[in-house]
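Colleague: Here you go, this is coords_13.txt (compact mmCIF, N, CA and C atoms and all ligand atoms).
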```txt
# COMPACT_ATOMS: atom_id res chain seq x y z
N MET D 1 0.83 -1.21 0.00
CA MET D 1 0.00 0.00 0.00
C MET D 1 0.86 1.25 0.00
N SER D 2 1.99 1.19 0.74
CA SER D 2 2.83 2.38 0.81
C SER D 2 3.49 2.67 -0.54
N SER D 3 3.72 1.60 -1.33
CA SER D 3 4.32 1.84 -2.64
C SER D 3 3.33 2.55 -3.56
N LEU D 4 2.06 2.24 -3.42
CA LEU D 4 1.03 2.94 -4.21
C LEU D 4 0.98 4.42 -3.85
N LEU D 5 1.08 4.67 -2.55
CA LEU D 5 1.06 6.06 -2.07
C LEU D 5 2.27 6.82 -2.62
N LEU D 6 3.41 6.14 -2.61
CA LEU D 6 4.64 6.76 -3.13
C LEU D 6 4.46 7.07 -4.61
N LEU D 7 3.90 6.10 -5.35
CA LEU D 7 3.68 6.28 -6.78
C LEU D 7 2.77 7.48 -7.02
N PHE D 8 1.73 7.57 -6.19
CA PHE D 8 0.79 8.69 -6.32
C PHE D 8 1.49 10.02 -6.09
N CYS D 9 2.33 10.05 -5.04
CA CYS D 9 3.05 11.29 -4.73
C CYS D 9 3.98 11.68 -5.87
N VAL D 10 4.69 10.68 -6.41
CA VAL D 10 5.61 10.96 -7.52
C VAL D 10 4.82 11.47 -8.71
N GLY D 11 3.66 10.84 -8.96
CA GLY D 11 2.81 11.26 -10.08
C GLY D 11 2.37 12.70 -9.94
N VAL D 12 1.94 13.07 -8.74
CA VAL D 12 1.50 14.45 -8.50
C VAL D 12 2.66 15.41 -8.71
N PHE D 13 3.82 15.01 -8.18
CA PHE D 13 5.00 15.87 -8.31
C PHE D 13 5.35 16.10 -9.77
N VAL D 14 5.36 15.02 -10.55
CA VAL D 14 5.69 15.12 -11.98
C VAL D 14 4.68 16.01 -12.69
N CYS D 15 3.40 15.83 -12.32
CA CYS D 15 2.36 16.65 -12.95
C CYS D 15 2.58 18.12 -12.66
N VAL D 16 2.91 18.45 -11.42
CA VAL D 16 3.11 19.85 -11.04
C VAL D 16 4.30 20.43 -11.79
N VAL D 17 5.38 19.65 -11.86
CA VAL D 17 6.59 20.12 -12.55
C VAL D 17 6.29 20.34 -14.02
N LEU D 18 5.61 19.37 -14.65
CA LEU D 18 5.28 19.51 -16.07
C LEU D 18 4.37 20.71 -16.31
N TYR D 19 3.39 20.88 -15.42
CA TYR D 19 2.46 22.00 -15.56
C TYR D 19 3.21 23.32 -15.52
N ASN D 20 4.14 23.45 -14.56
CA ASN D 20 4.90 24.69 -14.46
C ASN D 20 5.80 24.90 -15.67
N LEU D 21 6.42 23.81 -16.14
CA LEU D 21 7.30 23.92 -17.31
C LEU D 21 6.50 24.39 -18.51
N ILE D 22 5.34 23.78 -18.73
CA ILE D 22 4.53 24.13 -19.90
C ILE D 22 4.02 25.57 -19.78
N ARG D 23 3.61 25.93 -18.55
CA ARG D 23 3.10 27.29 -18.37
C ARG D 23 4.20 28.31 -18.63
N ASN D 24 5.41 28.00 -18.15
CA ASN D 24 6.53 28.90 -18.40
C ASN D 24 6.82 29.02 -19.89
N ALA D 25 6.78 27.88 -20.58
CA ALA D 25 7.04 27.90 -22.01
C ALA D 25 6.01 28.75 -22.73
N ILE D 26 4.74 28.61 -22.34
CA ILE D 26 3.69 29.41 -22.98
C ILE D 26 3.90 30.88 -22.68
N ASN D 27 4.21 31.20 -21.42
CA ASN D 27 4.44 32.60 -21.05
C ASN D 27 5.59 33.19 -21.84
N ASN D 28 6.67 32.39 -21.97
CA ASN D 28 7.83 32.89 -22.69
C ASN D 28 7.51 33.15 -24.15
N SER D 29 6.79 32.24 -24.76
CA SER D 29 6.49 32.42 -26.18
C SER D 29 5.56 33.62 -26.37
N LYS D 30 4.63 33.80 -25.41
CA LYS D 30 3.72 34.95 -25.51
C LYS D 30 4.52 36.24 -25.34
N LEU D 31 5.46 36.22 -24.40
CA LEU D 31 6.30 37.40 -24.18
C LEU D 31 7.11 37.70 -25.43
N ALA D 32 7.69 36.65 -26.02
CA ALA D 32 8.49 36.84 -27.23
C ALA D 32 7.62 37.40 -28.34
N TRP D 33 6.41 36.88 -28.43
CA TRP D 33 5.49 37.36 -29.47
C TRP D 33 5.16 38.82 -29.26
N GLU D 34 4.93 39.21 -27.97
CA GLU D 34 4.61 40.60 -27.67
C GLU D 34 5.79 41.50 -27.97
N LEU D 35 7.00 41.03 -27.65
CA LEU D 35 8.19 41.82 -27.94
C LEU D 35 8.32 42.04 -29.44
N GLU D 36 8.03 40.99 -30.20
CA GLU D 36 8.09 41.09 -31.67
C GLU D 36 7.09 42.13 -32.16
N GLU D 37 5.89 42.12 -31.55
CA GLU D 37 4.86 43.10 -31.90
C GLU D 37 5.36 44.52 -31.64
N ILE D 38 5.98 44.72 -30.46
CA ILE D 38 6.48 46.04 -30.08
C ILE D 38 7.57 46.48 -31.05
N LYS D 39 8.41 45.52 -31.42
CA LYS D 39 9.50 45.83 -32.35
C LYS D 39 8.94 46.30 -33.69
N GLU D 40 7.94 45.57 -34.18
CA GLU D 40 7.31 45.94 -35.46
C GLU D 40 6.68 47.32 -35.36
N LEU D 41 6.04 47.60 -34.21
CA LEU D 41 5.40 48.90 -33.99
C LEU D 41 6.43 50.01 -34.03
N LEU D 42 7.56 49.79 -33.34
CA LEU D 42 8.61 50.80 -33.31
C LEU D 42 9.18 51.02 -34.71
N LYS D 43 9.32 49.93 -35.45
CA LYS D 43 9.83 50.03 -36.81
C LYS D 43 8.89 50.87 -37.66
N ALA D 44 7.59 50.65 -37.47
CA ALA D 44 6.59 51.37 -38.26
C ALA D 44 6.56 52.83 -37.87
N MET D 45 6.89 53.13 -36.59
CA MET D 45 6.85 54.50 -36.11
C MET D 45 8.08 55.30 -36.52
N GLN D 46 9.12 54.62 -36.95
CA GLN D 46 10.35 55.31 -37.33
C GLN D 46 10.09 56.21 -38.53
N PRO D 47 10.70 57.41 -38.55
CA PRO D 47 10.51 58.29 -39.69
C PRO D 47 11.01 57.65 -40.98
N ALA D 48 10.31 57.97 -42.05
CA ALA D 48 10.60 57.32 -43.33
C ALA D 48 11.97 57.72 -43.85
N GLN D 49 12.45 58.94 -43.43
CA GLN D 49 13.71 59.41 -43.99
C GLN D 49 14.92 58.80 -43.28
N ALA D 50 14.69 57.96 -42.27
CA ALA D 50 15.81 57.32 -41.61
C ALA D 50 16.56 56.45 -42.61
N PRO D 51 17.86 56.57 -42.64
CA PRO D 51 18.62 55.81 -43.65
C PRO D 51 18.52 54.31 -43.37
N ALA D 52 18.17 53.58 -44.39
CA ALA D 52 18.09 52.13 -44.26
C ALA D 52 19.50 51.55 -44.28
N PRO D 53 19.75 50.57 -43.43
CA PRO D 53 21.09 49.98 -43.44
C PRO D 53 21.37 49.30 -44.78
N SER D 54 22.51 49.61 -45.32
CA SER D 54 22.87 49.06 -46.63
C SER D 54 23.21 47.59 -46.51
N THR D 55 22.66 46.80 -47.41
CA THR D 55 22.96 45.38 -47.40
C THR D 55 24.12 45.04 -48.32
N GLU D 56 24.54 46.04 -49.10
CA GLU D 56 25.64 45.78 -50.03
C GLU D 56 26.96 45.77 -49.27
N PRO D 57 27.82 44.83 -49.57
CA PRO D 57 29.13 44.80 -48.90
C PRO D 57 29.97 46.00 -49.32
N LEU D 58 30.72 46.48 -48.36
CA LEU D 58 31.59 47.63 -48.64
C LEU D 58 32.69 47.21 -49.61
N VAL D 59 32.73 47.89 -50.74
CA VAL D 59 33.75 47.55 -51.74
C VAL D 59 35.00 48.35 -51.44
N GLN D 60 36.07 47.64 -51.17
CA GLN D 60 37.31 48.33 -50.86
C GLN D 60 38.06 48.63 -52.16
N PRO D 61 38.70 49.78 -52.22
CA PRO D 61 39.42 50.12 -53.45
C PRO D 61 40.59 49.18 -53.68
N ILE D 62 40.79 48.88 -54.94
CA ILE D 62 41.91 48.01 -55.30
C ILE D 62 43.17 48.88 -55.40
N VAL D 63 44.17 48.53 -54.59
CA VAL D 63 45.39 49.33 -54.53
C VAL D 63 46.35 48.82 -55.60
N GLU D 64 46.82 49.73 -56.42
CA GLU D 64 47.77 49.36 -57.46
C GLU D 64 49.13 49.04 -56.83
N GLY D 65 49.82 48.10 -57.40
CA GLY D 65 51.16 47.78 -56.92
C GLY D 65 51.17 46.73 -55.84
N VAL D 66 50.03 46.47 -55.19
CA VAL D 66 49.96 45.44 -54.16
C VAL D 66 49.42 44.17 -54.82
N ASP D 67 49.90 43.02 -54.36
CA ASP D 67 49.46 41.77 -54.95
C ASP D 67 48.04 41.46 -54.52
N THR D 68 47.12 42.01 -55.23
CA THR D 68 45.71 41.75 -54.94
C THR D 68 44.99 41.41 -56.23
N TYR D 69 43.82 40.84 -56.05
CA TYR D 69 42.94 40.61 -57.20
C TYR D 69 41.51 40.84 -56.77
N PRO D 70 40.64 41.19 -57.69
CA PRO D 70 39.27 41.49 -57.28
C PRO D 70 38.52 40.23 -56.88
N CYS D 71 37.76 40.34 -55.79
CA CYS D 71 36.92 39.24 -55.34
C CYS D 71 35.86 38.95 -56.39
N PRO D 72 35.65 37.69 -56.75
CA PRO D 72 34.65 37.37 -57.79
C PRO D 72 33.23 37.67 -57.35
N VAL D 73 33.01 37.83 -56.04
CA VAL D 73 31.65 38.07 -55.57
C VAL D 73 31.39 39.55 -55.38
N CYS D 74 32.25 40.21 -54.60
CA CYS D 74 31.95 41.59 -54.25
C CYS D 74 32.88 42.59 -54.92
N GLY D 75 33.96 42.12 -55.55
CA GLY D 75 34.83 43.03 -56.28
C GLY D 75 35.87 43.73 -55.44
N SER D 76 35.92 43.43 -54.14
CA SER D 76 36.92 44.06 -53.28
C SER D 76 38.30 43.49 -53.58
N ALA D 77 39.31 44.27 -53.21
CA ALA D 77 40.69 43.82 -53.40
C ALA D 77 41.01 42.74 -52.38
N VAL D 78 41.44 41.59 -52.86
CA VAL D 78 41.80 40.48 -51.99
C VAL D 78 43.30 40.24 -52.13
N PRO D 79 44.05 40.27 -51.03
CA PRO D 79 45.47 39.93 -51.13
C PRO D 79 45.65 38.53 -51.68
N ASN D 80 46.70 38.33 -52.48
CA ASN D 80 46.91 37.04 -53.14
C ASN D 80 47.03 35.89 -52.15
N HIS D 81 47.64 36.16 -50.99
CA HIS D 81 47.85 35.08 -50.01
C HIS D 81 46.61 34.81 -49.18
N SER D 82 45.61 35.68 -49.28
CA SER D 82 44.44 35.57 -48.40
C SER D 82 43.57 34.40 -48.82
N LYS D 83 43.05 33.70 -47.81
CA LYS D 83 42.16 32.57 -48.09
C LYS D 83 40.71 33.00 -48.02
N HIS D 84 40.46 34.21 -47.49
CA HIS D 84 39.10 34.72 -47.40
C HIS D 84 39.07 36.13 -47.93
N CYS D 85 37.96 36.47 -48.56
CA CYS D 85 37.77 37.85 -48.98
C CYS D 85 37.58 38.69 -47.71
N PRO D 86 38.35 39.78 -47.53
CA PRO D 86 38.21 40.58 -46.31
C PRO D 86 36.89 41.32 -46.25
N SER D 87 36.20 41.47 -47.37
CA SER D 87 34.95 42.21 -47.37
C SER D 87 33.73 41.32 -47.19
N CYS D 88 33.63 40.29 -48.03
CA CYS D 88 32.41 39.47 -47.97
C CYS D 88 32.66 38.11 -47.33
N GLY D 89 33.92 37.76 -47.06
CA GLY D 89 34.20 36.51 -46.36
C GLY D 89 34.19 35.29 -47.25
N LEU D 90 34.15 35.50 -48.56
CA LEU D 90 34.14 34.36 -49.49
C LEU D 90 35.42 33.54 -49.32
N GLU D 91 35.25 32.23 -49.27
CA GLU D 91 36.43 31.36 -49.20
C GLU D 91 37.05 31.28 -50.57
N LEU D 92 38.36 31.46 -50.61
CA LEU D 92 39.05 31.52 -51.88
C LEU D 92 40.11 30.44 -51.95
N ALA D 93 40.14 29.78 -53.09
CA ALA D 93 41.18 28.76 -53.31
C ALA D 93 42.45 29.45 -53.72
N ASP D 94 43.58 28.83 -53.48
CA ASP D 94 44.88 29.40 -53.86
C ASP D 94 45.05 29.39 -55.37
ZN ZN D 101 34.30 39.46 -51.55
```
Go through the file and emit its structure as C-alpha cells.
Ligand SMILES: [Zn+2]
Modeller:
Amino acid sequence: MSSLLLLFCVGVFVCVVLYNLIRNAINNSKLAWELEEIKELLKAMQPAQAPAPSTEPLVQPIVEGVDTYPCPVCGSAVPNHSKHCPSCGLELAD
C-alpha cells in the first residue's frame, strides 16, 4: 500500500513540474510574441527618412602595386595570399 502512495506522490510531483514547465514555455512564447509586436510597432513609427542599413558589402578600393585581385563576388581587393575575402568573407582557393 505504501508503494502505491509513493507512486501517487511521484505522479502528482511530476504533474506539477510539467504543468509549471509548460506554463513557463507558454508565457515565454507569448512574451516573445509581444516583444516582436512592439518591435514591429517601433519600426513602423520610425521616420521614413531614416537611412536604411545598406545590405551591399563595402567595396574596398583596389590598390595598385599590391598583390591583390578582385573578389569574384563583391569586387573588393583580396590579397593574393588571403584565403578569405576581407569584405564578404568568401572562401578563396589558392
Ligand atoms: Zn568578396
Colleague: Taking all atoms listed in the file into account, which residues have an atom no farther than 7 Å from ligand ZN 101 (chain D)? I'd like them as a compact mmCIF listing (two decimals) with N, CA and C atoms, keeping the file's coordinate frame.
Modeller:
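Everything below was put into selection-v7.txt:
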```
# COMPACT_ATOMS: atom_id res chain seq x y z
N PRO D 70 40.64 41.19 -57.69
CA PRO D 70 39.27 41.49 -57.28
C PRO D 70 38.52 40.23 -56.88
N CYS D 71 37.76 40.34 -55.79
CA CYS D 71 36.92 39.24 -55.34
C CYS D 71 35.86 38.95 -56.39
N PRO D 72 35.65 37.69 -56.75
CA PRO D 72 34.65 37.37 -57.79
C PRO D 72 33.23 37.67 -57.35
N VAL D 73 33.01 37.83 -56.04
CA VAL D 73 31.65 38.07 -55.57
C VAL D 73 31.39 39.55 -55.38
N CYS D 74 32.25 40.21 -54.60
CA CYS D 74 31.95 41.59 -54.25
C CYS D 74 32.88 42.59 -54.92
N GLY D 75 33.96 42.12 -55.55
CA GLY D 75 34.83 43.03 -56.28
C GLY D 75 35.87 43.73 -55.44
N SER D 76 35.92 43.43 -54.14
CA SER D 76 36.92 44.06 -53.28
C SER D 76 38.30 43.49 -53.58
N HIS D 84 40.46 34.21 -47.49
CA HIS D 84 39.10 34.72 -47.40
C HIS D 84 39.07 36.13 -47.93
N CYS D 85 37.96 36.47 -48.56
CA CYS D 85 37.77 37.85 -48.98
C CYS D 85 37.58 38.69 -47.71
N PRO D 86 38.35 39.78 -47.53
CA PRO D 86 38.21 40.58 -46.31
C PRO D 86 36.89 41.32 -46.25
N SER D 87 36.20 41.47 -47.37
CA SER D 87 34.95 42.21 -47.37
C SER D 87 33.73 41.32 -47.19
N CYS D 88 33.63 40.29 -48.03
CA CYS D 88 32.41 39.47 -47.97
C CYS D 88 32.66 38.11 -47.33
N GLY D 89 33.92 37.76 -47.06
CA GLY D 89 34.20 36.51 -46.36
C GLY D 89 34.19 35.29 -47.25
N LEU D 90 34.15 35.50 -48.56
CA LEU D 90 34.14 34.36 -49.49
C LEU D 90 35.42 33.54 -49.32
```
Colleague: Using 5 Å of padding on each side, determine the axis-aligned box around all atoms of region 85-88 of chain D present in the file and give its centre and edge lengths in Å to one decimal, as JSON.
Modeller:
```
{"center_x": 35.4, "center_y": 39.3, "center_z": -47.6, "size_x": 15.9, "size_y": 15.7, "size_z": 12.7}
```
Colleague: If you measure from CA of Arg23 (chain D) to atom N of Leu41 (chain D), what distance in Å do you get, rounded to one decimal?
Modeller: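 If I compute the distance from CA of Arg23 (chain D) to atom N of Leu41 (chain D), I get 25.9 Å.
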Colleague: Quick check, in Å to one decimal: how far apart do atom N of Ala93 (chain D) and atom C of Pro79 (chain D) lie?
Modeller: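 Atom C of Pro79 (chain D) lies at a distance of 10.4 Å from atom N of Ala93 (chain D).
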